[in-house]
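J.: Below is the file input_36.cif, with mmCIF, C-alpha atoms.
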data_start
#
loop_
_atom_site.label_atom_id
_atom_site.label_comp_id
_atom_site.auth_asym_id
_atom_site.auth_seq_id
_atom_site.Cartn_x
_atom_site.Cartn_y
_atom_site.Cartn_z
CA MET E 156 7.53 -21.57 21.84
CA CYS E 157 8.94 -23.25 24.90
CA ALA E 158 11.12 -26.15 23.81
CA THR E 159 10.45 -28.14 26.96
CA CYS E 160 6.69 -28.19 27.15
CA GLY E 161 5.57 -26.58 23.92
CA CYS E 162 3.69 -23.77 25.64
CA SER E 163 3.49 -20.35 24.08
CA VAL E 164 5.51 -17.76 25.96
CA SER E 165 4.01 -14.67 24.38
CA ALA E 166 4.20 -12.80 27.66
CA VAL E 167 7.99 -13.02 27.64
CA SER E 168 9.50 -10.50 25.26
CA ALA E 169 13.16 -11.36 25.55
CA VAL E 170 14.60 -14.60 26.78
CA SER E 171 18.22 -14.75 27.78
CA ALA E 172 20.34 -17.83 28.26
CA GLY E 173 19.75 -20.14 31.14
CA HIS E 174 16.89 -18.35 32.91
CA SER E 175 13.61 -19.71 34.07
CA HIS E 176 10.25 -18.06 33.53
CA ASP E 177 7.01 -18.20 35.38
CA HIS E 178 4.48 -17.95 32.62
CA PRO E 179 1.14 -19.52 33.40
CA HIS E 180 0.37 -22.76 31.68
CA GLY E 181 -1.35 -26.03 32.39
CA SER E 182 1.86 -27.96 32.95
CA PRO E 183 2.44 -28.84 36.60
CA HIS E 184 6.22 -28.84 36.24
CA ALA E 185 8.61 -25.94 36.57
CA HIS E 186 11.44 -25.79 34.06
CA ASP E 187 14.23 -23.59 32.76
CA HIS E 188 14.80 -22.44 29.25
CA ARG E 189 18.25 -23.69 28.41
CA GLU E 190 18.03 -23.04 24.70
CA GLY E 191 19.11 -19.41 25.10
CA THR E 192 18.21 -16.65 22.74
CA ARG E 193 19.40 -13.14 22.14
CA THR E 194 17.32 -10.17 21.10
CA LEU E 195 18.28 -8.37 17.95
CA THR E 196 16.88 -4.86 17.63
CA LEU E 197 15.97 -4.07 14.04
CA GLU E 198 13.70 -0.98 14.15
CA GLN E 199 13.19 -1.32 10.40
CA ARG E 200 10.23 -0.28 8.35
CA VAL E 201 8.47 -3.38 7.05
CA LEU E 202 8.33 -1.99 3.52
CA ALA E 203 11.91 -0.68 3.57
CA LYS E 204 12.99 -2.88 0.67
CA ASN E 205 10.05 -1.92 -1.54
CA ASP E 206 10.47 1.75 -0.64
CA ALA E 207 14.20 1.69 -1.45
CA LEU E 208 13.44 0.12 -4.83
CA ALA E 209 10.72 2.70 -5.43
CA GLU E 210 13.21 5.49 -4.71
CA ARG E 211 15.59 3.92 -7.21
CA ASN E 212 12.82 3.84 -9.82
CA ARG E 213 12.05 7.48 -9.07
CA GLY E 214 15.69 8.46 -9.58
CA TRP E 215 15.93 6.41 -12.78
CA LEU E 216 12.81 8.14 -14.17
CA ALA E 217 13.99 11.60 -13.09
CA ALA E 218 17.35 11.09 -14.79
CA ARG E 219 15.48 10.44 -18.04
CA GLY E 220 13.01 13.27 -17.57
CA VAL E 221 10.14 10.77 -17.52
CA ARG E 222 7.20 11.12 -15.14
CA ALA E 223 5.22 8.15 -13.82
CA VAL E 224 1.62 8.15 -12.68
CA ASN E 225 0.07 5.30 -10.67
CA VAL E 226 -3.63 4.84 -11.51
CA MET E 227 -5.66 2.84 -9.01
CA SER E 228 -9.33 1.93 -8.73
CA SER E 229 -11.73 -0.93 -8.22
CA PRO E 230 -12.33 -3.24 -11.19
CA GLY E 231 -14.70 -1.81 -13.78
CA SER E 232 -14.28 1.88 -12.96
CA GLY E 233 -13.10 2.63 -16.48
CA LYS E 234 -9.31 2.78 -16.09
CA THR E 235 -8.50 1.06 -19.35
CA THR E 236 -11.14 3.00 -21.30
CA LEU E 237 -9.72 6.24 -19.94
CA LEU E 238 -6.17 5.20 -20.84
CA GLU E 239 -7.19 4.11 -24.38
CA ARG E 240 -8.72 7.50 -24.99
CA THR E 241 -5.76 9.26 -23.38
CA VAL E 242 -3.22 7.45 -25.55
CA SER E 243 -5.06 8.41 -28.73
CA ALA E 244 -5.77 11.98 -27.65
CA LEU E 245 -2.25 12.78 -26.47
CA ALA E 246 -0.51 11.39 -29.56
CA GLY E 247 1.77 14.15 -30.78
CA ARG E 248 1.34 16.15 -27.55
CA LEU E 249 2.84 13.91 -24.86
CA PRO E 250 4.52 10.52 -25.40
CA VAL E 251 2.64 7.98 -23.27
CA ALA E 252 3.76 4.47 -22.31
CA VAL E 253 1.62 2.17 -20.20
CA VAL E 254 2.20 -0.56 -17.63
CA GLU E 255 -0.82 -2.82 -17.20
CA GLY E 256 -1.26 -4.75 -13.96
CA ASP E 257 -3.79 -7.58 -13.77
CA GLN E 258 -3.91 -10.93 -12.08
CA GLU E 259 -4.37 -12.69 -15.42
CA THR E 260 -4.71 -12.09 -19.19
CA SER E 261 -3.18 -9.52 -21.51
CA ALA E 262 -6.61 -8.16 -22.51
CA ASP E 263 -5.91 -4.65 -21.23
CA ALA E 264 -2.42 -4.48 -22.74
CA ASP E 265 -3.89 -5.55 -26.10
CA ARG E 266 -6.40 -2.69 -25.92
CA ILE E 267 -3.66 -0.16 -25.11
CA ALA E 268 -1.42 -1.51 -27.89
CA ARG E 269 -4.28 -1.12 -30.37
CA ALA E 270 -4.67 2.48 -29.17
CA GLY E 271 -1.05 3.00 -30.18
CA ALA E 272 1.11 3.15 -27.04
CA PRO E 273 4.08 1.03 -25.96
CA VAL E 274 2.75 -1.22 -23.22
CA VAL E 275 3.96 -3.93 -20.84
CA GLN E 276 1.55 -6.32 -19.15
CA ILE E 277 2.37 -7.57 -15.67
CA ASN E 278 0.36 -10.56 -14.46
CA THR E 279 0.52 -10.80 -10.71
CA GLY E 280 -1.13 -14.25 -10.47
CA SER E 281 -2.64 -14.33 -7.03
CA GLY E 282 -1.06 -10.96 -6.16
CA CYS E 283 -3.43 -8.10 -5.46
CA HIS E 284 -1.14 -5.15 -6.23
CA LEU E 285 1.96 -4.10 -8.14
CA ASP E 286 5.18 -3.47 -6.25
CA ALA E 287 8.35 -1.53 -6.95
CA ALA E 288 10.25 -4.59 -8.22
CA MET E 289 7.54 -5.35 -10.80
CA PHE E 290 7.51 -1.73 -11.90
CA GLU E 291 11.29 -1.74 -12.24
CA SER E 292 11.22 -4.71 -14.60
CA ALA E 293 8.40 -3.10 -16.61
CA LEU E 294 10.40 0.13 -16.90
CA ARG E 295 13.47 -1.69 -18.17
CA SER E 296 11.38 -3.38 -20.78
CA LEU E 297 9.59 -0.17 -21.86
CA ASP E 298 12.83 1.83 -21.81
CA PRO E 299 11.07 5.24 -21.98
CA HIS E 300 13.15 8.30 -22.83
CA GLU E 301 10.53 11.04 -22.59
CA GLY E 302 6.97 11.79 -21.67
CA ILE E 303 4.93 9.88 -19.17
CA VAL E 304 4.51 6.30 -17.98
CA ILE E 305 1.00 5.52 -16.78
CA VAL E 306 0.65 2.49 -14.52
CA GLU E 307 -2.74 0.84 -14.42
CA ASN E 308 -2.56 -0.97 -11.10
CA VAL E 309 -4.46 -4.15 -10.27
CA GLY E 310 -8.16 -3.32 -9.86
CA ASN E 311 -8.52 -3.16 -6.09
CA LEU E 312 -9.33 -0.27 -3.74
CA VAL E 313 -7.31 -1.68 -0.84
CA CYS E 314 -3.92 -3.25 -1.44
CA PRO E 315 -2.19 -1.02 -4.03
CA ALA E 316 -2.41 1.97 -1.67
CA LEU E 317 0.45 0.71 0.50
CA PHE E 318 3.01 0.04 -2.19
CA ASP E 319 5.09 2.90 -3.52
CA LEU E 320 6.25 2.14 -7.07
CA GLY E 321 8.41 5.20 -7.55
CA GLU E 322 5.65 7.20 -9.25
CA GLY E 323 5.50 10.97 -9.26
CA GLY E 324 1.72 11.15 -8.93
CA ARG E 325 -1.13 8.99 -7.70
CA VAL E 326 -4.59 8.88 -9.20
CA VAL E 327 -7.70 7.16 -7.89
CA ILE E 328 -10.55 6.62 -10.34
CA MET E 329 -14.10 6.22 -9.09
CA SER E 330 -17.19 5.85 -11.24
CA VAL E 331 -20.64 7.14 -10.37
CA THR E 332 -22.06 3.60 -10.61
CA GLU E 333 -19.94 2.47 -7.65
CA GLY E 334 -21.69 4.62 -5.05
CA ALA E 335 -20.51 7.80 -3.37
CA ASP E 336 -19.56 6.18 -0.09
CA LYS E 337 -16.18 4.83 -1.21
CA PRO E 338 -13.84 7.56 0.14
CA LEU E 339 -14.94 6.83 3.71
CA LYS E 340 -15.03 3.06 3.16
CA TYR E 341 -11.59 2.88 1.53
CA PRO E 342 -9.80 5.84 3.11
CA HIS E 343 -6.27 4.50 2.65
CA MET E 344 -6.66 4.54 -1.11
CA PHE E 345 -8.09 8.06 -1.22
CA ARG E 346 -5.70 9.42 1.39
CA THR E 347 -2.62 8.93 -0.79
CA ALA E 348 -4.12 10.29 -4.03
CA ASP E 349 -2.95 13.48 -5.69
CA LEU E 350 -5.90 13.39 -8.07
CA VAL E 351 -9.32 11.77 -7.76
CA VAL E 352 -11.11 11.20 -11.07
CA LEU E 353 -14.88 10.75 -11.00
CA ASN E 354 -15.70 8.77 -14.15
CA LYS E 355 -18.89 7.75 -16.02
CA LEU E 356 -20.37 11.22 -15.63
CA ASP E 357 -22.63 10.41 -18.60
CA LEU E 358 -24.43 7.89 -16.38
CA LEU E 359 -25.13 10.39 -13.59
CA PRO E 360 -28.78 10.96 -14.65
CA TYR E 361 -29.48 7.24 -14.19
CA VAL E 362 -27.95 6.57 -10.79
CA GLU E 363 -28.20 7.90 -7.25
CA PHE E 364 -24.84 9.55 -6.73
CA ASP E 365 -24.32 12.58 -4.52
CA VAL E 366 -21.41 14.36 -6.25
CA GLU E 367 -21.17 17.10 -3.62
CA GLY E 368 -21.18 14.57 -0.80
CA PHE E 369 -18.52 12.54 -2.59
CA GLU E 370 -16.26 15.56 -2.95
CA ARG E 371 -16.83 16.50 0.67
CA ASP E 372 -15.83 13.00 1.80
CA VAL E 373 -12.72 13.03 -0.41
CA ALA E 374 -11.73 16.31 1.25
CA LEU E 375 -12.30 14.82 4.71
CA VAL E 376 -9.94 11.93 4.02
CA ASN E 377 -7.50 13.87 1.88
CA PRO E 378 -7.77 17.67 2.05
CA GLY E 379 -4.97 18.09 -0.52
CA ALA E 380 -6.49 15.97 -3.31
CA ARG E 381 -7.79 17.55 -6.49
CA THR E 382 -10.88 16.09 -8.14
CA VAL E 383 -11.94 16.10 -11.79
CA GLN E 384 -15.21 14.79 -13.23
CA LEU E 385 -15.31 13.24 -16.67
CA SER E 386 -16.74 10.64 -18.98
CA ALA E 387 -14.04 8.46 -20.50
CA THR E 388 -16.45 7.09 -23.12
CA ARG E 389 -17.96 10.41 -24.26
CA GLY E 390 -15.08 12.73 -23.45
CA ASP E 391 -16.94 15.26 -21.28
CA GLY E 392 -14.58 17.05 -18.91
CA ILE E 393 -11.58 15.06 -20.09
CA GLU E 394 -9.36 18.06 -20.93
CA ALA E 395 -8.80 18.65 -17.20
CA TRP E 396 -7.35 15.12 -16.99
CA TYR E 397 -5.04 15.70 -19.95
CA ASP E 398 -3.91 19.00 -18.45
CA TRP E 399 -3.16 17.30 -15.14
CA LEU E 400 -1.10 14.63 -16.88
CA ASP E 401 0.79 17.31 -18.74
CA ARG E 402 1.33 19.35 -15.60
CA PRO E 403 0.43 17.41 -12.44
CA GLY E 404 -0.15 19.63 -9.46
CA GLY E 405 -0.96 22.53 -11.79
CA MET B 1160 -4.82 -9.63 1.01
CA HIS B 1161 -1.71 -7.45 0.98
CA GLU B 1162 -0.92 -8.80 4.45
CA LEU B 1163 0.69 -11.83 2.78
CA ALA B 1164 3.06 -9.53 0.90
CA ILE B 1165 3.69 -7.66 4.15
CA ALA B 1166 4.43 -10.95 5.96
CA GLU B 1167 6.79 -12.05 3.17
CA SER B 1168 8.54 -8.70 3.40
CA VAL B 1169 8.95 -9.18 7.16
CA VAL B 1170 10.46 -12.65 6.65
CA ASP B 1171 12.72 -11.39 3.88
CA GLN B 1172 14.09 -8.49 5.91
CA ILE B 1173 14.62 -10.56 9.02
CA THR B 1174 16.43 -13.40 7.25
CA THR B 1175 18.68 -10.83 5.59
CA ARG B 1176 19.82 -9.88 9.09
CA THR B 1177 19.72 -13.24 10.84
CA GLY B 1178 21.07 -15.50 8.08
CA THR B 1179 20.74 -19.14 9.03
CA SER B 1180 20.05 -18.49 12.73
CA ARG B 1181 16.86 -19.90 14.15
CA VAL B 1182 14.39 -17.10 14.88
CA GLN B 1183 12.28 -17.79 17.95
CA GLY B 1184 10.27 -14.60 18.19
CA VAL B 1185 9.36 -11.49 16.22
CA ARG B 1186 8.06 -8.17 17.52
CA LEU B 1187 6.24 -5.90 15.10
CA GLU B 1188 4.66 -2.49 15.43
CA ILE B 1189 1.55 -2.17 13.26
CA GLY B 1190 -0.27 1.11 13.90
CA ARG B 1191 -4.04 1.17 13.77
CA LEU B 1192 -3.95 3.69 10.91
CA SER B 1193 -1.30 1.79 8.90
CA GLY B 1194 -3.69 0.04 6.53
CA VAL B 1195 -2.53 -3.39 7.64
CA SER B 1196 -4.78 -5.67 9.67
CA ALA B 1197 -2.88 -7.25 12.57
CA ASP B 1198 -5.23 -10.25 12.56
CA SER B 1199 -4.71 -10.92 8.85
CA LEU B 1200 -0.99 -10.49 9.34
CA ARG B 1201 -0.95 -13.10 12.12
CA PHE B 1202 -2.67 -15.52 9.77
CA CYS B 1203 -0.29 -14.77 6.89
CA PHE B 1204 2.80 -14.87 9.11
CA GLU B 1205 2.37 -18.59 9.59
CA LEU B 1206 2.14 -19.11 5.83
CA ALA B 1207 5.09 -16.86 5.05
CA THR B 1208 7.40 -18.37 7.66
CA ALA B 1209 6.80 -22.03 6.75
CA GLY B 1210 10.06 -23.65 5.74
CA THR B 1211 12.17 -20.62 6.70
CA GLY B 1212 14.37 -19.92 9.72
CA LEU B 1213 11.31 -18.25 11.26
CA ASP B 1214 9.14 -21.36 11.11
CA GLY B 1215 7.28 -21.61 14.42
CA ALA B 1216 8.51 -18.22 15.68
CA ARG B 1217 6.02 -16.50 17.94
CA LEU B 1218 4.68 -13.22 16.70
CA GLN B 1219 4.03 -10.28 18.98
CA ILE B 1220 2.30 -7.27 17.45
CA GLU B 1221 2.09 -3.89 19.12
CA GLU B 1222 -0.73 -1.74 17.75
CA PRO B 1223 -0.27 1.94 18.58
CA ASP B 1224 -3.50 3.96 18.52
CA GLY B 1225 -3.88 6.90 16.16
CA ARG B 1226 -2.91 10.32 17.57
CA GLY B 1227 -2.97 13.58 15.70
CA GLU B 1228 -2.07 17.24 16.22
CA CYS B 1229 -4.20 19.97 14.70
CA ALA B 1230 -2.18 22.48 12.69
CA THR B 1231 -4.87 25.10 13.23
CA CYS B 1232 -5.46 25.03 17.01
CA GLY B 1233 -2.63 22.81 18.28
CA THR B 1234 -4.89 20.27 20.01
CA VAL B 1235 -3.51 16.76 20.30
CA PHE B 1236 -6.29 14.19 20.04
CA ASP B 1237 -7.14 10.55 19.33
CA VAL B 1238 -7.58 9.65 15.68
CA PRO B 1239 -9.61 6.43 15.58
CA ASP B 1240 -9.80 6.23 11.77
CA LEU B 1241 -8.51 7.97 8.68
CA VAL B 1242 -10.99 10.83 8.87
CA ARG B 1243 -8.64 13.22 10.59
CA LEU B 1244 -10.96 15.86 11.85
CA CYS B 1245 -9.95 18.00 14.81
CA PRO B 1246 -12.73 18.79 17.32
CA CYS B 1247 -12.26 22.44 16.18
CA GLY B 1248 -13.42 21.45 12.67
CA SER B 1249 -10.05 21.64 10.93
CA ALA B 1250 -8.93 18.75 8.70
CA ASP B 1251 -5.34 20.04 8.66
CA VAL B 1252 -4.04 17.39 11.03
CA ARG B 1253 -0.55 15.96 11.42
CA ILE B 1254 -0.48 12.30 12.43
CA LEU B 1255 1.79 11.71 15.44
CA ALA B 1256 1.18 7.99 15.90
CA GLY B 1257 -0.74 5.08 14.43
CA GLU B 1258 0.90 4.80 11.01
CA GLU B 1259 3.79 2.61 12.18
CA LEU B 1260 4.66 -0.44 10.10
CA ARG B 1261 7.94 -1.62 11.60
CA ILE B 1262 9.93 -4.64 12.67
CA LEU B 1263 11.03 -3.81 16.20
CA SER B 1264 13.16 -6.78 17.17
CA VAL B 1265 13.68 -10.49 16.80
CA GLU B 1266 14.82 -13.18 19.15
CA VAL B 1267 17.36 -15.56 17.69
CA SER B 1268 18.89 -18.72 19.10
CA ARG B 1269 22.41 -18.30 20.37
#
Could I get this structure in the form of structure tokens?

T.:
Amino acid sequence: MCATCGCSVSAVSAVSAGHSHDHPHGSPHAHDHREGTRTLTLEQRVLAKNDALAERNRGWLAARGVRAVNVMSSPGSGKTTLLERTVSALAGRLPVAVVEGDQETSADADRIARAGAPVVQINTGSGCHLDAAMFESALRSLDPHEGIVIVENVGNLVCPALFDLGEGGRVVIMSVTEGADKPLKYPHMFRTADLVVLNKLDLLPYVEFDVEGFERDVALVNPGARTVQLSATRGDGIEAWYDWLDRPGG
Amino acid sequence: MHELAIAESVVDQITTRTGTSRVQGVRLEIGRLSGVSADSLRFCFELATAGTGLDGARLQIEEPDGRGECATCGTVFDVPDLVRLCPCGSADVRILAGEELRILSVEVSR
């Protein structure tokens, strides 16, 4: 802002000491900018700090031989139900620890603890996503030495997509009750997924959900993503999910 | 509203470089495929800069359009949204521009 008249000088990109400018404004007077500024070129990625922390988390996990998976979805898609079942089913096959992200309450962490896995709850308050710093503190608290850490991100199909935590794989869960149009409506989320899980398959007879169209749209936004269809409550198709956790990319 | 976190990250990175200097202006590059809304960011910038050395700084946002190159036929074309479909039908497209999320420069008082 111009210190003399308070006008906005958005048309001027760099102001050097002692010059005058001729931006249009309502003031009848002409004046110089004496305040003097210098331009500092940064050329930095906005998320550089988060991404550096995420890389550190990735290295920390790799050094311990632990893999992390970031699970994202809208609220109510069945993330916690799927994780409860996963924790019980993989007992003795693959050690699972869980990081729960929610704005408030420890309800989900309590469910996971009852299912038998080490769990840390992160409450983000007004925050709409987890970031690499939150994940780092959760990892230090969990202190995993083997197996897999599953992160249940804050239920939200928009914000978590942008924030790398240091995970080795990204999963988006969609349920058939949400409608098949989500990949095209929330492309950022689907674009970064390694695996797309279509949940609540048991409800398919009762809702209008075009599975083929859904898979076609996922492929449009993210040709490299794999999809699996399952029912977290009944267990149909769930082996493919366990196999992916045991060998992501396989 | 991840734009608030983005705005806070911008303030954090800039103050790391500028220390106690007064920042008068900030130039950002937010590509149209980046997943960040420039309008939301403008709104959040004011909130995130309040009480910092960037308080009152003017914000200039450049918004590069999406451009992609088809790996199948080599065509370079506009990519208006995240459905990266080449006119030839291939979805194997490399994004050349539009995903930028960068702080270009700042103007600080001498």

J.: Please report, as a Markdown table, each residue of segment 244-351 of chain E lying at most 7 Å from segment 370-377 of chain E, together with the nearest pair of atoms and the separation in Å rounded to one decimal; use only C-alpha atoms, and order rows by chain and ascending residue number.

T.:
| residue | atom | partner | partner_atom | distance |
| --- | --- | --- | --- | --- |
| E:Pro338 | CA | E:Val373 | CA | 5.6 |
| E:Leu339 | CA | E:Asp372 | CA | 6.5 |
| E:Pro342 | CA | E:Val376 | CA | 6.2 |
| E:Phe345 | CA | E:Asn377 | CA | 6.6 |
| E:Arg346 | CA | E:Asn377 | CA | 4.8 |

J.: Between chain E and chain B, at 7 Å or less, what are the per-residue closest atom pairs and their distances in Å? Count all atoms listed in the file, order by chain and rising residue number, and return it as a tab-separated table.

T.:
residue	atom	partner	partner_atom	distance
E:Met156	CA	B:Arg1217	CA	6.6
E:Ser165	CA	B:Gln1219	CA	7.0
E:Ala169	CA	B:Glu1266	CA	6.9
E:Gly191	CA	B:Arg1269	CA	5.9
E:Thr192	CA	B:Ser1268	CA	4.2
E:Arg193	CA	B:Val1267	CA	5.5
E:Thr194	CA	B:Glu1266	CA	4.4
E:Leu195	CA	B:Val1265	CA	5.2
E:Thr196	CA	B:Ser1264	CA	4.2
E:Leu197	CA	B:Ser1264	CA	5.0
E:Glu198	CA	B:Leu1263	CA	4.4
E:Gln199	CA	B:Ile1262	CA	5.2
E:Arg200	CA	B:Arg1261	CA	4.2
E:Val201	CA	B:Arg1261	CA	4.9
E:Leu202	CA	B:Ser1168	CA	6.7
E:Cys283	CA	B:His1161	CA	6.7
E:Cys314	CA	B:His1161	CA	5.3
E:Pro342	CA	B:Leu1241	CA	6.1
E:His343	CA	B:Gly1194	CA	6.4
E:Leu375	CA	B:Val1242	CA	5.9
E:Val376	CA	B:Val1242	CA	5.1
E:Pro378	CA	B:Ala1250	CA	6.8

J.: Using only C-alpha atoms, pick whichever of E:Ser229, E:Thr235, E:Asn354, E:Gln276 has the shortest atom-to-atom distance to Val313 of chain E.

T.: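 Smallest distance to Val313 of chain E is found for E:Ser229.
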
J.: Quick one: of B:Arg1253, B:Phe1236, B:Cys1245, B:Gly1225, who's nearest to Arg1191 of chain B, counting all atoms listed in the file?

T.: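 Among the listed residues, the smallest separation from Arg1191 of chain B belongs to B:Gly1225.
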
J.: With a distance cut-off of 8 Å and all atoms listed in the file, select the neighbouring residues of Val326 of chain E, excluding the residue or stretch itself and same-chain residues fewer than 3 positions from it, and output the selection as a PyMOL selection string.

T.: chain E and resi 224-227+348-352

J.: I'd like the interatomic distance between atom CA of Trp399 of chain E and atom CA of Gly247 of chain E, to a tenth of an Å.

T.: 16.7 Å
